[in-house]
$ cat entry.cif   # mmCIF, C-alpha atoms
data_work
#
loop_
_atom_site.label_atom_id
_atom_site.label_comp_id
_atom_site.auth_asym_id
_atom_site.auth_seq_id
_atom_site.Cartn_x
_atom_site.Cartn_y
_atom_site.Cartn_z
CA MET C 739 70.30 67.04 -5.42
CA LYS C 740 70.56 67.59 -9.17
CA TYR C 741 69.29 70.37 -11.40
CA THR C 742 67.23 69.85 -14.53
CA LYS C 743 69.31 69.93 -17.71
CA LYS C 744 67.36 72.94 -18.98
CA TRP C 745 69.52 75.31 -16.95
CA GLY C 746 72.01 73.04 -15.26
CA GLY C 747 75.03 74.92 -16.66
CA VAL C 748 73.90 78.25 -15.25
CA ALA C 749 73.00 76.68 -11.92
CA ALA C 750 76.36 74.97 -11.63
CA LEU C 751 78.19 78.22 -12.34
CA LEU C 752 76.17 80.05 -9.71
CA VAL C 753 76.69 77.29 -7.17
CA SER C 754 80.43 77.70 -7.67
CA VAL C 755 80.24 81.23 -6.26
CA LEU C 756 77.63 80.50 -3.60
CA THR C 757 80.20 79.87 -0.90
CA THR C 758 82.19 83.03 -1.66
CA ALA C 759 79.45 85.63 -2.14
CA ASN C 760 78.52 87.34 1.09
CA PRO C 761 74.79 87.98 1.71
CA ALA C 762 73.77 91.63 1.60
CA ASP C 763 71.55 93.35 4.13
CA ALA C 764 68.74 95.80 3.46
CA ILE C 765 69.81 99.42 3.80
CA SER C 766 68.24 102.85 3.41
CA LEU C 767 68.66 103.57 -0.29
CA ILE C 768 67.35 107.10 0.25
CA GLY C 769 65.03 108.82 2.68
CA ASN C 770 64.42 111.46 5.31
CA TYR C 771 62.16 109.47 7.57
CA SER C 772 61.31 110.90 10.94
CA SER C 773 58.40 110.57 13.35
CA THR C 774 59.87 113.03 15.84
CA ASN C 775 58.24 116.30 14.84
CA ASP C 776 55.33 115.93 12.44
CA GLY C 777 54.86 119.03 10.33
CA ASP C 778 53.02 119.93 7.13
CA GLY C 779 51.14 117.39 5.08
CA THR C 780 50.53 116.96 1.37
CA ASN C 781 47.26 115.42 0.20
CA ALA C 782 46.86 112.32 -1.92
CA SER C 783 43.31 112.20 -3.19
CA VAL C 784 41.00 111.49 -6.13
CA PRO C 785 38.79 113.92 -8.12
CA PRO C 786 37.36 116.48 -7.66
CA SER C 787 40.65 117.34 -5.91
CA PRO C 788 43.10 114.94 -7.59
CA ASP C 789 46.29 115.61 -5.64
CA GLN C 790 49.50 113.59 -5.88
CA LYS C 791 53.16 114.06 -5.06
CA ALA C 792 56.47 112.63 -6.25
CA VAL C 793 60.05 112.61 -4.99
CA GLY C 794 63.01 112.17 -7.35
CA PHE C 795 66.43 110.63 -6.83
CA THR C 796 69.36 109.48 -8.96
CA LEU C 797 71.47 106.42 -8.23
CA PRO C 798 75.27 106.59 -8.60
CA THR C 799 77.28 104.29 -10.83
CA GLY C 800 78.00 100.89 -9.34
CA ASN C 801 75.76 97.99 -8.41
CA PRO C 802 71.96 97.75 -8.71
CA TYR C 803 69.66 97.51 -5.68
CA SER C 804 66.69 95.23 -5.12
CA LEU C 805 63.68 97.03 -3.60
CA ASP C 806 62.57 95.68 -0.19
CA SER C 807 60.00 98.19 1.04
CA ILE C 808 58.90 101.82 1.15
CA LYS C 809 57.89 103.48 4.42
CA LEU C 810 55.71 106.60 4.53
CA ARG C 811 54.53 108.85 7.34
CA LEU C 812 50.77 109.26 6.77
CA PHE C 813 47.70 110.73 8.44
CA SER C 814 43.99 110.08 7.83
CA TYR C 815 44.95 106.88 6.03
CA ASN C 816 42.03 104.61 6.85
CA THR C 817 41.45 101.61 4.61
CA SER C 818 38.38 100.67 6.63
CA ASN C 819 36.80 103.88 5.32
CA GLY C 820 37.83 103.14 1.74
CA ASP C 821 41.20 104.91 1.38
CA VAL C 822 43.32 103.22 -1.31
CA ALA C 823 46.91 104.36 -1.77
CA LEU C 824 48.72 104.09 -5.10
CA LEU C 825 52.52 104.02 -5.18
CA GLN C 826 54.27 104.09 -8.54
CA ILE C 827 57.90 104.19 -9.66
CA TYR C 828 59.07 105.98 -12.82
CA ARG C 829 62.48 105.49 -14.47
CA ASP C 830 64.58 107.99 -16.43
CA SER C 831 67.79 106.54 -17.89
CA ALA C 832 68.77 109.90 -19.40
CA LYS C 833 68.64 111.57 -15.98
CA THR C 834 67.05 114.74 -17.40
CA SER C 835 63.49 114.50 -16.03
CA THR C 836 62.07 117.09 -13.65
CA SER C 837 58.87 115.15 -12.89
CA PRO C 838 57.32 111.71 -13.52
CA ASN C 839 55.85 113.04 -16.79
CA GLU C 840 59.31 112.90 -18.37
CA ALA C 841 60.04 109.38 -17.17
CA THR C 842 58.77 105.84 -17.87
CA LEU C 843 56.31 104.10 -15.56
CA GLU C 844 57.70 100.83 -14.21
CA SER C 845 55.52 97.73 -13.82
CA VAL C 846 56.10 97.25 -10.09
CA THR C 847 53.02 97.16 -7.84
CA PHE C 848 52.73 97.16 -4.06
CA THR C 849 50.91 95.42 -1.25
CA ASN C 850 49.29 98.25 0.70
CA PRO C 851 49.16 98.24 4.50
CA THR C 852 45.75 98.26 6.16
CA SER C 853 44.48 100.75 8.73
CA SER C 854 41.31 101.19 10.78
CA SER C 855 42.23 104.61 12.15
CA ASN C 856 42.73 108.19 10.98
CA ALA C 857 45.68 108.60 13.35
CA VAL C 858 49.17 109.57 12.22
CA GLY C 859 51.29 106.48 11.71
CA ASP C 860 54.12 104.65 9.97
CA PHE C 861 53.02 102.63 6.95
CA ILE C 862 55.14 100.14 5.01
CA PHE C 863 54.44 99.23 1.38
CA THR C 864 56.08 96.10 -0.05
CA PRO C 865 56.54 95.22 -3.76
CA THR C 866 54.49 92.28 -5.03
CA SER C 867 57.41 91.07 -7.16
CA THR C 868 61.15 91.65 -7.49
CA PHE C 869 62.06 95.14 -8.62
CA THR C 870 65.61 96.40 -9.21
CA PHE C 871 66.88 99.97 -9.18
CA LEU C 872 69.57 100.32 -11.84
CA PRO C 873 72.78 102.30 -11.29
CA ASP C 874 73.31 105.70 -12.93
CA THR C 875 69.55 106.12 -13.36
CA ARG C 876 66.98 108.64 -12.12
CA TYR C 877 63.77 107.49 -10.46
CA TRP C 878 60.56 109.12 -9.25
CA LEU C 879 58.44 107.70 -6.43
CA LEU C 880 54.85 108.86 -6.91
CA VAL C 881 52.41 108.82 -3.97
CA ASP C 882 48.78 108.94 -5.12
CA ALA C 883 45.30 107.58 -4.30
CA THR C 884 42.75 105.63 -6.32
CA ALA C 885 40.02 106.05 -3.72
CA GLY C 886 39.45 108.26 -0.70
CA PHE C 887 41.88 110.73 0.82
CA TYR C 888 44.95 110.73 3.05
CA GLY C 889 47.94 112.96 3.80
CA TRP C 890 51.70 112.44 3.47
CA LEU C 891 53.44 114.17 6.37
CA SER C 892 56.78 115.92 6.58
CA ASN C 893 59.00 116.50 9.57
CA PHE C 894 59.35 120.02 10.97
CA PRO C 895 61.86 121.42 10.39
CA TYR C 896 62.15 119.77 6.98
CA ILE C 897 64.79 117.07 6.43
CA THR C 898 66.58 116.73 3.09
CA PRO C 899 66.59 113.09 1.85
CA THR C 900 69.96 111.33 1.96
CA GLY C 901 71.09 107.75 1.43
CA ILE C 902 73.85 105.63 -0.04
CA SER C 903 77.08 107.26 -1.10
CA GLY C 904 76.70 109.18 -4.34
CA ILE C 905 72.90 109.18 -4.49
CA THR C 906 71.29 112.49 -5.49
CA HIS C 907 67.99 113.93 -4.27
CA ASN C 908 66.13 115.58 -7.17
CA GLY C 909 63.42 117.34 -5.19
CA TYR C 910 59.66 116.98 -4.75
CA GLN C 911 57.03 117.62 -7.40
CA ARG C 912 53.32 118.08 -6.68
CA SER C 913 50.28 117.91 -8.98
CA GLY C 914 46.76 119.17 -8.38
CA ASP C 915 45.32 117.92 -11.68
CA ASP C 916 45.97 114.16 -11.50
CA GLY C 917 49.47 114.39 -12.97
CA SER C 918 48.82 116.56 -16.01
CA ASN C 919 51.10 119.25 -14.60
CA TYR C 920 53.64 119.32 -11.78
CA PHE C 921 55.18 122.11 -9.77
CA SER C 922 58.03 122.12 -7.29
CA SER C 923 57.16 121.47 -3.65
CA THR C 924 59.28 122.62 -0.72
CA THR C 925 57.41 120.37 1.73
CA PHE C 926 59.83 117.47 2.23
CA SER C 927 57.41 114.62 3.02
CA SER C 928 58.88 111.78 5.11
CA PHE C 929 59.80 108.51 3.39
CA GLU C 930 62.40 105.76 3.38
CA ILE C 931 63.21 103.30 0.61
CA GLN C 932 64.76 100.09 1.91
CA ALA C 933 66.76 98.11 -0.64
CA THR C 934 69.40 95.39 -0.86
CA GLU C 935 72.52 95.84 -2.94
CA VAL C 936 73.19 93.10 -5.46
CA PRO C 937 76.40 92.09 -3.71
CA PHE C 938 78.55 90.34 -6.29
CA GLU C 939 79.55 90.86 -9.92
CA PHE C 940 81.23 88.18 -11.97
CA GLU C 941 82.39 88.36 -15.61
CA ALA C 942 82.67 84.86 -17.11
CA SER C 943 84.43 83.96 -20.36
CA GLY C 944 82.35 84.18 -23.50
CA GLY C 945 80.72 87.42 -22.42
CA LEU C 946 78.37 85.87 -19.84
CA ALA C 947 77.69 88.31 -17.01
CA ILE C 948 76.11 87.11 -13.79
CA LEU C 949 75.02 89.69 -11.25
CA GLY C 950 74.42 88.86 -7.69
CA GLY C 951 76.08 85.48 -7.28
CA ALA C 952 74.23 83.72 -4.48
CA TRP C 953 71.55 86.43 -4.51
CA LEU C 954 70.64 85.66 -8.11
CA LEU C 955 70.73 81.92 -7.49
CA ARG C 956 68.24 82.32 -4.67
CA LYS C 957 65.94 84.39 -6.91
CA GLN C 958 66.15 81.93 -9.77
CA LEU C 959 65.49 78.87 -7.62
CA GLN C 960 62.16 80.39 -6.66
CA LYS C 961 61.10 80.31 -10.31
CA ARG C 962 62.61 77.03 -11.52
CA LYS C 963 61.67 73.46 -10.73
CA ILE C 964 64.42 71.43 -9.06
CA THR C 965 64.41 67.64 -9.12
CA LYS C 966 65.99 65.47 -6.44
CA ASP C 967 67.76 62.11 -6.60
#
$ encode --input "entry.cif" --output "structure tokens"
Amino acid sequence: MKYTKKWGGVAALLVSVLTTANPADAISLIGNYSSTNDGDGTNASVPPSPDQKAVGFTLPTGNPYSLDSIKLRLFSYNTSNGDVALLQIYRDSAKTSTSPNEATLESVTFTNPTSSSNAVGDFIFTPTSTFTFLPDTRYWLLVDATAGFYGWLSNFPYITPTGISGITHNGYQRSGDDGSNYFSSTTFSSFEIQATEVPFEFEASGGLAILGGAWLLRKQLQKRKITKD
């Protein structure tokens, strides 16, 4: 097999570390997920009662993490009846935000799970493209709806979100006016963010930095055409 000349130098360099970089496994970046004792719920709905809720967290210094999935504990989520969930991620590099309004909306979108029941259940949302959480950065996960109504459940008693070493939980914020204003919520709705650490960091001469080793090679090969002998 040979690589096209357009990026052969980069490919060769990445191949050189392919055998030494260990693959990383998905872990719980942060969460408080539990289906043991369902408690209070927070609505996600459209006007005339436009409710939404966000949870904030700050990553420690170190490596970035690639988003794998987000799991939520929901009730009355019925896509057969027209419920459409909207998950959004906001980024705050300054780490000063107290709600999504003080952060920047990221471009990541999600594939929503389907449901034909109003029953309480576990629902997993997966990103439609690669998204990376950067170190030393604050993020807000916003749970909203673009059609219909559903609820985001908490455990009872409430569970404080925890995750990787050094990650900080920045609380929950709720809005009843479609995000114009937020107020603190003490209902700790159940969620879990699964992510994969970019496992390898290599500093090459000339200032070239390659993150991820074999992980990055695998990502790049999905986007580039490879020719064979």
$ resolve_selection --input "entry.cif" --expression "the PyMOL selection byres ((chain C and resi 776) around 7)" --output "PyMOL selection string"
chain C and resi 773-775+777+891-894
$ resolve_selection --input "entry.cif" --expression "the PyMOL selection byres ((chain C and resi 913) around 12)" --output "NGL selection string"
:C and (780-784 or 787-793 or 837-839 or 880-882 or 910-912 or 914-923)
$ resolve_selection --input "entry.cif" --expression "the PyMOL selection byres ((chain C and resi 851) around 10)" --output "list in words"
Tyr815, Asn816, Thr817, Val822, Ala823, Phe848, Thr849, Asn850, Thr852, Ser853, Asp860, Phe861, Ile862, Phe863 and Thr864 of chain C
$ write_last_selection --input "entry.cif" --atoms "C-alpha atoms" --output "PDB file, keeping the file's coordinate frame"
ATOM      1  CA  TYR C 815      44.950 106.880   6.030  1.00  0.00           C
ATOM      2  CA  ASN C 816      42.030 104.610   6.850  1.00  0.00           C
ATOM      3  CA  THR C 817      41.450 101.610   4.610  1.00  0.00           C
ATOM      4  CA  VAL C 822      43.320 103.220  -1.310  1.00  0.00           C
ATOM      5  CA  ALA C 823      46.910 104.360  -1.770  1.00  0.00           C
ATOM      6  CA  PHE C 848      52.730  97.160  -4.060  1.00  0.00           C
ATOM      7  CA  THR C 849      50.910  95.420  -1.250  1.00  0.00           C
ATOM      8  CA  ASN C 850      49.290  98.250   0.700  1.00  0.00           C
ATOM      9  CA  THR C 852      45.750  98.260   6.160  1.00  0.00           C
ATOM     10  CA  SER C 853      44.480 100.750   8.730  1.00  0.00           C
ATOM     11  CA  ASP C 860      54.120 104.650   9.970  1.00  0.00           C
ATOM     12  CA  PHE C 861      53.020 102.630   6.950  1.00  0.00           C
ATOM     13  CA  ILE C 862      55.140 100.140   5.010  1.00  0.00           C
ATOM     14  CA  PHE C 863      54.440  99.230   1.380  1.00  0.00           C
ATOM     15  CA  THR C 864      56.080  96.100  -0.050  1.00  0.00           C
TER      16      THR C 864
END
$ atom_distance --input "entry.cif" --atom1 "CA of Asn856 in chain C" --atom2 "CA of Leu879 in chain C"
23.5 Å
$ closest_residue --input "entry.cif" --among "C:Ser766, C:Pro802, C:Ile902, C:Leu825" --to "Pro937 in chain C" --atoms "all atoms listed in the file"
C:Pro802
$ axis_aligned_box --input "entry.cif" --around "range 846-851 of chain C" --padding-each-side "6 Å" --output "JSON"
{"center_x": 52.6, "center_y": 96.8, "center_z": -2.8, "size_x": 18.9, "size_y": 14.8, "size_z": 26.6}
$ residues_around --input "entry.cif" --residues "range 924-930 of chain C" --least-positions-apart "2" --cutoff "8 Å" --atoms "all atoms listed in the file" --output "PyMOL selection string"
chain C and resi 766-772+778-780+808-811+890-893+896-898+910+922+932
$ atom_distance --input "entry.cif" --atom1 "CA of Asp763 in chain C" --atom2 "CA of Leu843 in chain C"
27.1 Å
$ closest_residue --input "entry.cif" --among "C:Ala764, C:Leu824, C:Ile905, C:Leu797" --to "Thr875 in chain C" --atoms "all atoms listed in the file"
C:Leu797
$ atom_distance --input "entry.cif" --atom1 "CA of Val858 in chain C" --atom2 "CA of Tyr828 in chain C"
27.2 Å
$ closest_residue --input "entry.cif" --among "C:Ala832, C:Val936, C:Ile827, C:Leu812" --to "Glu844 in chain C" --atoms "all atoms listed in the file"
C:Ile827
